[in-house]
Amino acid sequence: MSAPSLIIDQLNRTFASPSGPVHALSQIQLTVKQGEFITLIGPSGCGKSTLLKIVAGLDTEFEGQVHLNGKPILGPGIEKGVIFQEPRLFPWLTVEQNIAANLSLKKPEIKQRVQELIALVRLQGFESSYPRELSGGMAQRVAIARALLRNPEVLLLDEPFGALDAFTRAHMQEVLLDIWQKNRTTMLFVTHDLDEAVFLGERVVIMNPRPGHIREILSIDLPFPRTRTGSSFQELRRLVLQAFEKVDGPAIDPGAGI
Amino acid sequence: MMAESRPHFASDPPIQVTANSDSRLGWLNHIPSWLHGWLVPIVVLALWQLSGYLGWVTPTQLPTPLAILRRFIELALNGELYRHVSISFVRAIAGFALGSIAGLALGTFTGIGRLIERTLDPSLQMLRTIPLLALTPLFILWFGIGEFSKMLLISLGAFFPVYLNTFLGIRSVDSKLFQVTRILGFSRWQMIRRLILPTALPNILLGLRLALGISWLVLVFAEMMGTSSGIGIMIEEARGYSNTDIVFVGIILFAIVGALSDYVVRKLEKKLLGWRDTYTG
């Protein structure tokens, strides 16, 4: 059994608003093991992105404890790689330069590592392309390579494939699993897509809004690579969906992600 | 007849919709297309030459193009042109350099720091609204009519477009990319060098282009406040002696220099901003 990597304890987050405080996250309790793949799913407003921001160190105004490898999270840093819904590449830099960003490609070890990552995210031949020449899926793979170059302890993904079409999304999910199996980076993956959550996660964290809290944590005991059409996959998918319906009717669109 | 009333089939020869079929503009096709842009200037020049030749206007009012050309060559050969152009060039470039470097530096400071913006920007904005040429008497009073005074006046003109556009460019930095640089652990210098300056570059180049234009404008004014050489004074003196052809030579020089400097900045833009994904017309 791997050691715990990320420990979230008694986490609360309240936002001030003109109509009084809004409770975005309430009593979040989650322990993520080293190398584990966690998916976070829930309807909009359930605080899943807020939770990710807090772990990323981009939001430090919370109550409670968040520790990564025993150290409290005080701000953003390279040990917490973040992938957003948009690739957020520097438009004036080539693929290679975007991955290196503030690291120098003149150093042979960086150059070599960038080459390896370009191969890992399957972008050979596009080293000198500019972001405007890339498709959405390719750009997102550059963003993933950029985060991986820093050898993060944990990769935080905030609906990274939400803007992609169904085919590209399926492909990207496989690329990500491939990366995960090769690198064993801890993954915290936020999505609102049922299939995606079940397909990728070893555990699915189901969140509900008002206030944002963890409703249930489901273990997905399916071996990788998974097939979406299998009966056990569909059974688990149904279980996740049920967890939402238990609360107040269909809080999530049952058709999402089909 | 049947053949005339049948519809147009795909196998028929295509209908001619080029200018060839338009009898009124058909003659344009006999001229190479690269010449099209020159047609209007050539016609204007021909009419201009003709009106002088026929004595409709006096040479003092409007000398003919050929007379201007003759004078141009004469001044170029006897070295007068070089004397005036070189000194004007040095003045304009020195003033432009001083003003735009100051504009770049101050624009960067106010753009990055809120505190500096609050302290400095209101005063600069107030100064900006003063017509520069209204300050000429003060410049003469304080700095005389020497080179320093001229350069300062030009640099003041070049300062504001660069300052304003640098500030604007820096404030258009994408907050999402800013977040990325925080996550990737950019140092403050890396943030400026690798995020802020590239973002601001299109605006900075625009500011430089505007500043270049203003530099030449102020140059003429500065030279007219008194000097012995320079294109501005060459024009001013020629006017005094009713040598209208020399006035035109000066105007043409400005047009050439203006077009050249614009060309250089646009080349620079193309080279530096090739990554942009914007509407290019």
# chains A, B, ... in the order shown; residues from 1 in each chain; ligands from 1
call {"tool": "interface_residues", "arguments": {"of": "chain B", "to": "chain A", "cutoff": "12 Å", "atoms": "only C-alpha atoms", "output": "ChimeraX atom specification"}}
result
/B:173-202,271-278
call {"tool": "write_last_selection", "arguments": {"atoms": "C-alpha atoms", "output": "PDB file, in the first residue's frame"}}
result
ATOM      1  CA  VAL B 173      -1.832  40.555 -19.799  1.00  0.00           C
ATOM      2  CA  ASP B 174      -4.120  37.549 -19.579  1.00  0.00           C
ATOM      3  CA  SER B 175      -4.836  36.834 -15.906  1.00  0.00           C
ATOM      4  CA  LYS B 176      -5.113  33.139 -16.793  1.00  0.00           C
ATOM      5  CA  LEU B 177      -1.582  33.086 -18.179  1.00  0.00           C
ATOM      6  CA  PHE B 178      -0.472  35.038 -15.133  1.00  0.00           C
ATOM      7  CA  GLN B 179      -1.854  32.222 -12.990  1.00  0.00           C
ATOM      8  CA  VAL B 180       0.147  29.730 -15.064  1.00  0.00           C
ATOM      9  CA  THR B 181       3.379  31.632 -14.439  1.00  0.00           C
ATOM     10  CA  ARG B 182       2.657  31.525 -10.708  1.00  0.00           C
ATOM     11  CA  ILE B 183       2.133  27.772 -10.835  1.00  0.00           C
ATOM     12  CA  LEU B 184       5.289  27.264 -12.896  1.00  0.00           C
ATOM     13  CA  GLY B 185       7.203  29.351 -10.387  1.00  0.00           C
ATOM     14  CA  PHE B 186       8.376  32.204 -12.635  1.00  0.00           C
ATOM     15  CA  SER B 187      10.622  34.699 -10.881  1.00  0.00           C
ATOM     16  CA  ARG B 188       9.613  38.354 -11.027  1.00  0.00           C
ATOM     17  CA  TRP B 189      12.111  38.997 -13.808  1.00  0.00           C
ATOM     18  CA  GLN B 190      10.923  35.952 -15.773  1.00  0.00           C
ATOM     19  CA  MET B 191       7.371  37.221 -15.374  1.00  0.00           C
ATOM     20  CA  ILE B 192       8.326  40.552 -16.958  1.00  0.00           C
ATOM     21  CA  ARG B 193      10.605  39.092 -19.594  1.00  0.00           C
ATOM     22  CA  ARG B 194       8.510  36.088 -20.608  1.00  0.00           C
ATOM     23  CA  LEU B 195       4.919  37.103 -20.000  1.00  0.00           C
ATOM     24  CA  ILE B 196       4.464  40.830 -19.671  1.00  0.00           C
ATOM     25  CA  LEU B 197       6.758  42.095 -22.427  1.00  0.00           C
ATOM     26  CA  PRO B 198       5.628  39.596 -25.096  1.00  0.00           C
ATOM     27  CA  THR B 199       2.004  40.441 -24.315  1.00  0.00           C
ATOM     28  CA  ALA B 200       2.670  44.158 -24.472  1.00  0.00           C
ATOM     29  CA  LEU B 201       4.828  43.952 -27.598  1.00  0.00           C
ATOM     30  CA  PRO B 202       2.081  44.616 -30.180  1.00  0.00           C
ATOM     31  CA  LYS B 271       9.173  39.305 -37.472  1.00  0.00           C
ATOM     32  CA  LEU B 272       8.282  39.712 -33.795  1.00  0.00           C
ATOM     33  CA  LEU B 273       4.539  39.140 -33.926  1.00  0.00           C
ATOM     34  CA  GLY B 274       4.346  36.241 -36.357  1.00  0.00           C
ATOM     35  CA  TRP B 275       2.855  34.081 -33.602  1.00  0.00           C
ATOM     36  CA  ARG B 276      -0.344  36.110 -33.482  1.00  0.00           C
ATOM     37  CA  ASP B 277      -3.564  34.471 -34.541  1.00  0.00           C
ATOM     38  CA  THR B 278      -5.591  37.479 -35.544  1.00  0.00           C
TER      39      THR B 278
END
call {"tool": "residues_around", "arguments": {"residues": "A:Val142", "least_positions_apart": "6", "cutoff": "8 Å", "atoms": "only C-alpha atoms", "output": "list of chain:residue names"}}
result
A:Pro87, A:Leu89, A:Val95, A:Asn98, A:Ile99, A:Ile118, A:Val121
call {"tool": "select_by_dssp", "arguments": {"residues": "stretch 13-136 of chain A", "states": "strand (DSSP E)", "output": "PyMOL selection string"}}
result
chain A and resi 13-15+22-33+37-41+63-68+71-72+80-83
call {"tool": "write_last_selection", "arguments": {"atoms": "C-alpha atoms", "output": "mmCIF file, in the first residue's frame"}}
result
data_model
loop_
_atom_site.group_PDB
_atom_site.id
_atom_site.type_symbol
_atom_site.label_atom_id
_atom_site.label_comp_id
_atom_site.auth_asym_id
_atom_site.auth_seq_id
_atom_site.Cartn_x
_atom_site.Cartn_y
_atom_site.Cartn_z
ATOM 1 C CA ARG A 13 -14.310 27.451 2.381
ATOM 2 C CA THR A 14 -16.703 30.383 2.667
ATOM 3 C CA PHE A 15 -17.011 33.198 0.157
ATOM 4 C CA VAL A 22 -21.744 31.447 0.778
ATOM 5 C CA HIS A 23 -20.595 28.083 1.987
ATOM 6 C CA ALA A 24 -18.688 26.680 -1.001
ATOM 7 C CA LEU A 25 -17.041 23.732 0.713
ATOM 8 C CA SER A 26 -18.125 22.083 3.908
ATOM 9 C CA GLN A 27 -16.183 19.560 5.964
ATOM 10 C CA ILE A 28 -14.176 18.070 3.129
ATOM 11 C CA GLN A 29 -12.285 14.993 4.228
ATOM 12 C CA LEU A 30 -10.134 13.173 1.679
ATOM 13 C CA THR A 31 -6.903 11.214 1.690
ATOM 14 C CA VAL A 32 -5.235 10.465 -1.606
ATOM 15 C CA LYS A 33 -2.562 7.812 -1.842
ATOM 16 C CA PHE A 37 -6.052 8.357 -9.743
ATOM 17 C CA ILE A 38 -8.983 10.195 -8.170
ATOM 18 C CA THR A 39 -11.854 11.662 -10.159
ATOM 19 C CA LEU A 40 -14.079 14.316 -8.640
ATOM 20 C CA ILE A 41 -17.542 14.556 -10.067
ATOM 21 C CA GLU A 63 -10.219 26.809 7.006
ATOM 22 C CA GLY A 64 -8.867 23.391 7.853
ATOM 23 C CA GLN A 65 -5.797 21.415 6.874
ATOM 24 C CA VAL A 66 -4.441 20.552 3.440
ATOM 25 C CA HIS A 67 -1.119 18.741 3.360
ATOM 26 C CA LEU A 68 0.904 17.458 0.437
ATOM 27 C CA LYS A 71 3.776 19.901 4.143
ATOM 28 C CA PRO A 72 0.932 22.422 4.373
ATOM 29 C CA LYS A 80 1.364 20.759 -7.903
ATOM 30 C CA GLY A 81 0.885 20.619 -11.662
ATOM 31 C CA VAL A 82 -2.366 22.167 -12.844
ATOM 32 C CA ILE A 83 -4.183 21.544 -16.113
#
call {"tool": "atom_distance", "arguments": {"atom1": "atom CA of B:Arg70", "atom2": "atom CA of B:Leu39"}}
result
22.8 Å
call {"tool": "residues_around", "arguments": {"residues": "B:Arg209", "least_positions_apart": "6", "cutoff": "9 Å", "atoms": "only C-alpha atoms", "output": "list in words"}}
result
Pro161, Val162, Ser261, Asp262, Val265 and Arg266 of chain B
call {"tool": "select_by_dssp", "arguments": {"residues": "stretch 28-206 of chain B", "states": "alpha helix (DSSP H)", "output": "ChimeraX atom specification"}}
result
/B:39-53,65-77,80-112,114-128,136-143,147-170,175-183,188-191,197-206
call {"tool": "closest_residue", "arguments": {"among": "B:Thr60, B:Val218, B:Leu98, B:Gly144", "to": "B:Ala238", "atoms": "only C-alpha atoms"}}
result
B:Thr60
call {"tool": "atom_distance", "arguments": {"atom1": "atom CA of B:Thr227", "atom2": "atom CA of B:Leu210"}}
result
25.6 Å
call {"tool": "residues_around", "arguments": {"residues": "B:Leu69", "least_positions_apart": "3", "cutoff": "10 Å", "atoms": "only C-alpha atoms", "output": "list in words"}}
result
Thr64, Pro65, Leu66, Phe72, Ile73, Glu74, Leu75, Asp245, Ile246, Phe248 and Val249 of chain B
call {"tool": "write_last_selection", "arguments": {"atoms": "C-alpha atoms", "output": "mmCIF file, in the first residue's frame"}}
result
data_model
loop_
_atom_site.group_PDB
_atom_site.id
_atom_site.type_symbol
_atom_site.label_atom_id
_atom_site.label_comp_id
_atom_site.auth_asym_id
_atom_site.auth_seq_id
_atom_site.Cartn_x
_atom_site.Cartn_y
_atom_site.Cartn_z
ATOM 1 C CA THR B 64 6.063 71.410 -62.075
ATOM 2 C CA PRO B 65 7.116 67.886 -61.085
ATOM 3 C CA LEU B 66 10.022 68.040 -63.498
ATOM 4 C CA PHE B 72 16.104 67.565 -56.060
ATOM 5 C CA ILE B 73 18.952 66.222 -58.159
ATOM 6 C CA GLU B 74 20.804 69.517 -57.999
ATOM 7 C CA LEU B 75 20.586 69.643 -54.183
ATOM 8 C CA ASP B 245 10.415 73.805 -55.587
ATOM 9 C CA ILE B 246 12.720 73.417 -52.566
ATOM 10 C CA PHE B 248 8.430 70.431 -52.318
ATOM 11 C CA VAL B 249 11.815 68.723 -52.151
#
call {"tool": "atom_distance", "arguments": {"atom1": "atom CA of A:Pro152", "atom2": "atom CA of A:Thr186"}}
result
8.6 Å
call {"tool": "closest_residue", "arguments": {"among": "B:Arg71, B:Lys267, B:His30, B:Arg91", "to": "B:Asn243", "atoms": "only C-alpha atoms"}}
result
B:Arg71
call {"tool": "closest_residue", "arguments": {"among": "A:Val114, A:Ile144, A:Val205, A:Ala197", "to": "A:Leu176", "atoms": "only C-alpha atoms"}}
result
A:Ile144
call {"tool": "closest_residue", "arguments": {"among": "A:Asn183, A:Gly212, A:Thr227, A:Glu116", "to": "A:Leu200", "atoms": "only C-alpha atoms"}}
result
A:Thr227
call {"tool": "decode", "arguments": {"residues": "stretch 64-95 of chain A", "atoms": "N, CA and C atoms", "output": "PDB file, in the first residue's frame"}}
result
ATOM      1  N   GLY A  64      -9.155  24.817   7.837  1.00  0.00           N
ATOM      2  CA  GLY A  64      -8.867  23.391   7.853  1.00  0.00           C
ATOM      3  C   GLY A  64      -7.443  23.112   7.426  1.00  0.00           C
ATOM      4  N   GLN A  65      -7.157  21.843   7.148  1.00  0.00           N
ATOM      5  CA  GLN A  65      -5.797  21.415   6.874  1.00  0.00           C
ATOM      6  C   GLN A  65      -5.712  20.785   5.493  1.00  0.00           C
ATOM      7  N   VAL A  66      -4.731  21.237   4.695  1.00  0.00           N
ATOM      8  CA  VAL A  66      -4.441  20.552   3.440  1.00  0.00           C
ATOM      9  C   VAL A  66      -2.934  20.324   3.394  1.00  0.00           C
ATOM     10  N   HIS A  67      -2.543  19.074   3.350  1.00  0.00           N
ATOM     11  CA  HIS A  67      -1.119  18.741   3.360  1.00  0.00           C
ATOM     12  C   HIS A  67      -0.761  17.912   2.143  1.00  0.00           C
ATOM     13  N   LEU A  68       0.364  18.267   1.528  1.00  0.00           N
ATOM     14  CA  LEU A  68       0.904  17.458   0.437  1.00  0.00           C
ATOM     15  C   LEU A  68       2.253  16.925   0.898  1.00  0.00           C
ATOM     16  N   ASN A  69       2.370  15.625   0.994  1.00  0.00           N
ATOM     17  CA  ASN A  69       3.585  14.982   1.493  1.00  0.00           C
ATOM     18  C   ASN A  69       4.021  15.578   2.831  1.00  0.00           C
ATOM     19  N   GLY A  70       3.050  15.775   3.711  1.00  0.00           N
ATOM     20  CA  GLY A  70       3.356  16.239   5.051  1.00  0.00           C
ATOM     21  C   GLY A  70       3.562  17.729   5.186  1.00  0.00           C
ATOM     22  N   LYS A  71       3.558  18.464   4.057  1.00  0.00           N
ATOM     23  CA  LYS A  71       3.776  19.901   4.143  1.00  0.00           C
ATOM     24  C   LYS A  71       2.477  20.654   3.850  1.00  0.00           C
ATOM     25  N   PRO A  72       2.150  21.662   4.658  1.00  0.00           N
ATOM     26  CA  PRO A  72       0.932  22.422   4.373  1.00  0.00           C
ATOM     27  C   PRO A  72       1.061  23.195   3.060  1.00  0.00           C
ATOM     28  N   ILE A  73      -0.057  23.363   2.368  1.00  0.00           N
ATOM     29  CA  ILE A  73      -0.033  24.088   1.092  1.00  0.00           C
ATOM     30  C   ILE A  73      -0.171  25.575   1.344  1.00  0.00           C
ATOM     31  N   LEU A  74       0.839  26.319   0.968  1.00  0.00           N
ATOM     32  CA  LEU A  74       0.859  27.753   1.255  1.00  0.00           C
ATOM     33  C   LEU A  74       0.696  28.613   0.009  1.00  0.00           C
ATOM     34  N   GLY A  75       0.907  28.016  -1.163  1.00  0.00           N
ATOM     35  CA  GLY A  75       0.799  28.782  -2.403  1.00  0.00           C
ATOM     36  C   GLY A  75       1.045  27.877  -3.586  1.00  0.00           C
ATOM     37  N   PRO A  76       0.943  28.432  -4.804  1.00  0.00           N
ATOM     38  CA  PRO A  76       1.163  27.588  -5.979  1.00  0.00           C
ATOM     39  C   PRO A  76       2.629  27.202  -6.109  1.00  0.00           C
ATOM     40  N   GLY A  77       2.891  26.140  -6.838  1.00  0.00           N
ATOM     41  CA  GLY A  77       4.267  25.711  -7.031  1.00  0.00           C
ATOM     42  C   GLY A  77       4.326  24.549  -7.998  1.00  0.00           C
ATOM     43  N   ILE A  78       5.534  24.237  -8.470  1.00  0.00           N
ATOM     44  CA  ILE A  78       5.674  23.216  -9.511  1.00  0.00           C
ATOM     45  C   ILE A  78       5.372  21.822  -9.008  1.00  0.00           C
ATOM     46  N   GLU A  79       5.377  21.616  -7.676  1.00  0.00           N
ATOM     47  CA  GLU A  79       5.073  20.259  -7.178  1.00  0.00           C
ATOM     48  C   GLU A  79       3.591  19.932  -7.351  1.00  0.00           C
ATOM     49  N   LYS A  80       2.791  20.975  -7.657  1.00  0.00           N
ATOM     50  CA  LYS A  80       1.364  20.759  -7.903  1.00  0.00           C
ATOM     51  C   LYS A  80       1.054  21.214  -9.331  1.00  0.00           C
ATOM     52  N   GLY A  81       1.165  20.290 -10.263  1.00  0.00           N
ATOM     53  CA  GLY A  81       0.885  20.619 -11.662  1.00  0.00           C
ATOM     54  C   GLY A  81      -0.600  20.846 -11.854  1.00  0.00           C
ATOM     55  N   VAL A  82      -0.945  21.883 -12.624  1.00  0.00           N
ATOM     56  CA  VAL A  82      -2.366  22.167 -12.844  1.00  0.00           C
ATOM     57  C   VAL A  82      -2.659  22.194 -14.345  1.00  0.00           C
ATOM     58  N   ILE A  83      -3.695  21.489 -14.734  1.00  0.00           N
ATOM     59  CA  ILE A  83      -4.183  21.544 -16.113  1.00  0.00           C
ATOM     60  C   ILE A  83      -5.583  22.137 -16.062  1.00  0.00           C
ATOM     61  N   PHE A  84      -5.777  23.226 -16.783  1.00  0.00           N
ATOM     62  CA  PHE A  84      -7.076  23.888 -16.791  1.00  0.00           C
ATOM     63  C   PHE A  84      -7.909  23.410 -17.971  1.00  0.00           C
ATOM     64  N   GLN A  85      -9.138  23.896 -18.030  1.00  0.00           N
ATOM     65  CA  GLN A  85      -9.984  23.502 -19.151  1.00  0.00           C
ATOM     66  C   GLN A  85      -9.396  23.999 -20.467  1.00  0.00           C
ATOM     67  N   GLU A  86      -8.821  25.221 -20.428  1.00  0.00           N
ATOM     68  CA  GLU A  86      -8.123  25.743 -21.604  1.00  0.00           C
ATOM     69  C   GLU A  86      -6.646  25.406 -21.455  1.00  0.00           C
ATOM     70  N   PRO A  87      -5.943  25.197 -22.566  1.00  0.00           N
ATOM     71  CA  PRO A  87      -4.534  24.809 -22.457  1.00  0.00           C
ATOM     72  C   PRO A  87      -3.644  25.882 -21.819  1.00  0.00           C
ATOM     73  N   ARG A  88      -4.036  27.148 -21.991  1.00  0.00           N
ATOM     74  CA  ARG A  88      -3.264  28.273 -21.430  1.00  0.00           C
ATOM     75  C   ARG A  88      -1.791  28.220 -21.832  1.00  0.00           C
ATOM     76  N   LEU A  89      -1.556  28.115 -23.125  1.00  0.00           N
ATOM     77  CA  LEU A  89      -0.176  28.137 -23.619  1.00  0.00           C
ATOM     78  C   LEU A  89       0.230  29.574 -23.911  1.00  0.00           C
ATOM     79  N   PHE A  90       1.526  29.813 -23.971  1.00  0.00           N
ATOM     80  CA  PHE A  90       2.006  31.133 -24.364  1.00  0.00           C
ATOM     81  C   PHE A  90       1.983  31.202 -25.888  1.00  0.00           C
ATOM     82  N   PRO A  91       1.136  32.064 -26.457  1.00  0.00           N
ATOM     83  CA  PRO A  91       0.958  32.045 -27.916  1.00  0.00           C
ATOM     84  C   PRO A  91       2.225  32.401 -28.685  1.00  0.00           C
ATOM     85  N   TRP A  92       3.167  33.076 -28.054  1.00  0.00           N
ATOM     86  CA  TRP A  92       4.383  33.494 -28.768  1.00  0.00           C
ATOM     87  C   TRP A  92       5.493  32.447 -28.673  1.00  0.00           C
ATOM     88  N   LEU A  93       5.239  31.332 -28.009  1.00  0.00           N
ATOM     89  CA  LEU A  93       6.257  30.297 -27.890  1.00  0.00           C
ATOM     90  C   LEU A  93       5.846  29.061 -28.674  1.00  0.00           C
ATOM     91  N   THR A  94       6.845  28.344 -29.198  1.00  0.00           N
ATOM     92  CA  THR A  94       6.566  27.096 -29.905  1.00  0.00           C
ATOM     93  C   THR A  94       6.217  26.018 -28.876  1.00  0.00           C
ATOM     94  N   VAL A  95       5.809  24.865 -29.377  1.00  0.00           N
ATOM     95  CA  VAL A  95       5.451  23.740 -28.504  1.00  0.00           C
ATOM     96  C   VAL A  95       6.595  23.449 -27.531  1.00  0.00           C
TER      97      VAL A  95
END
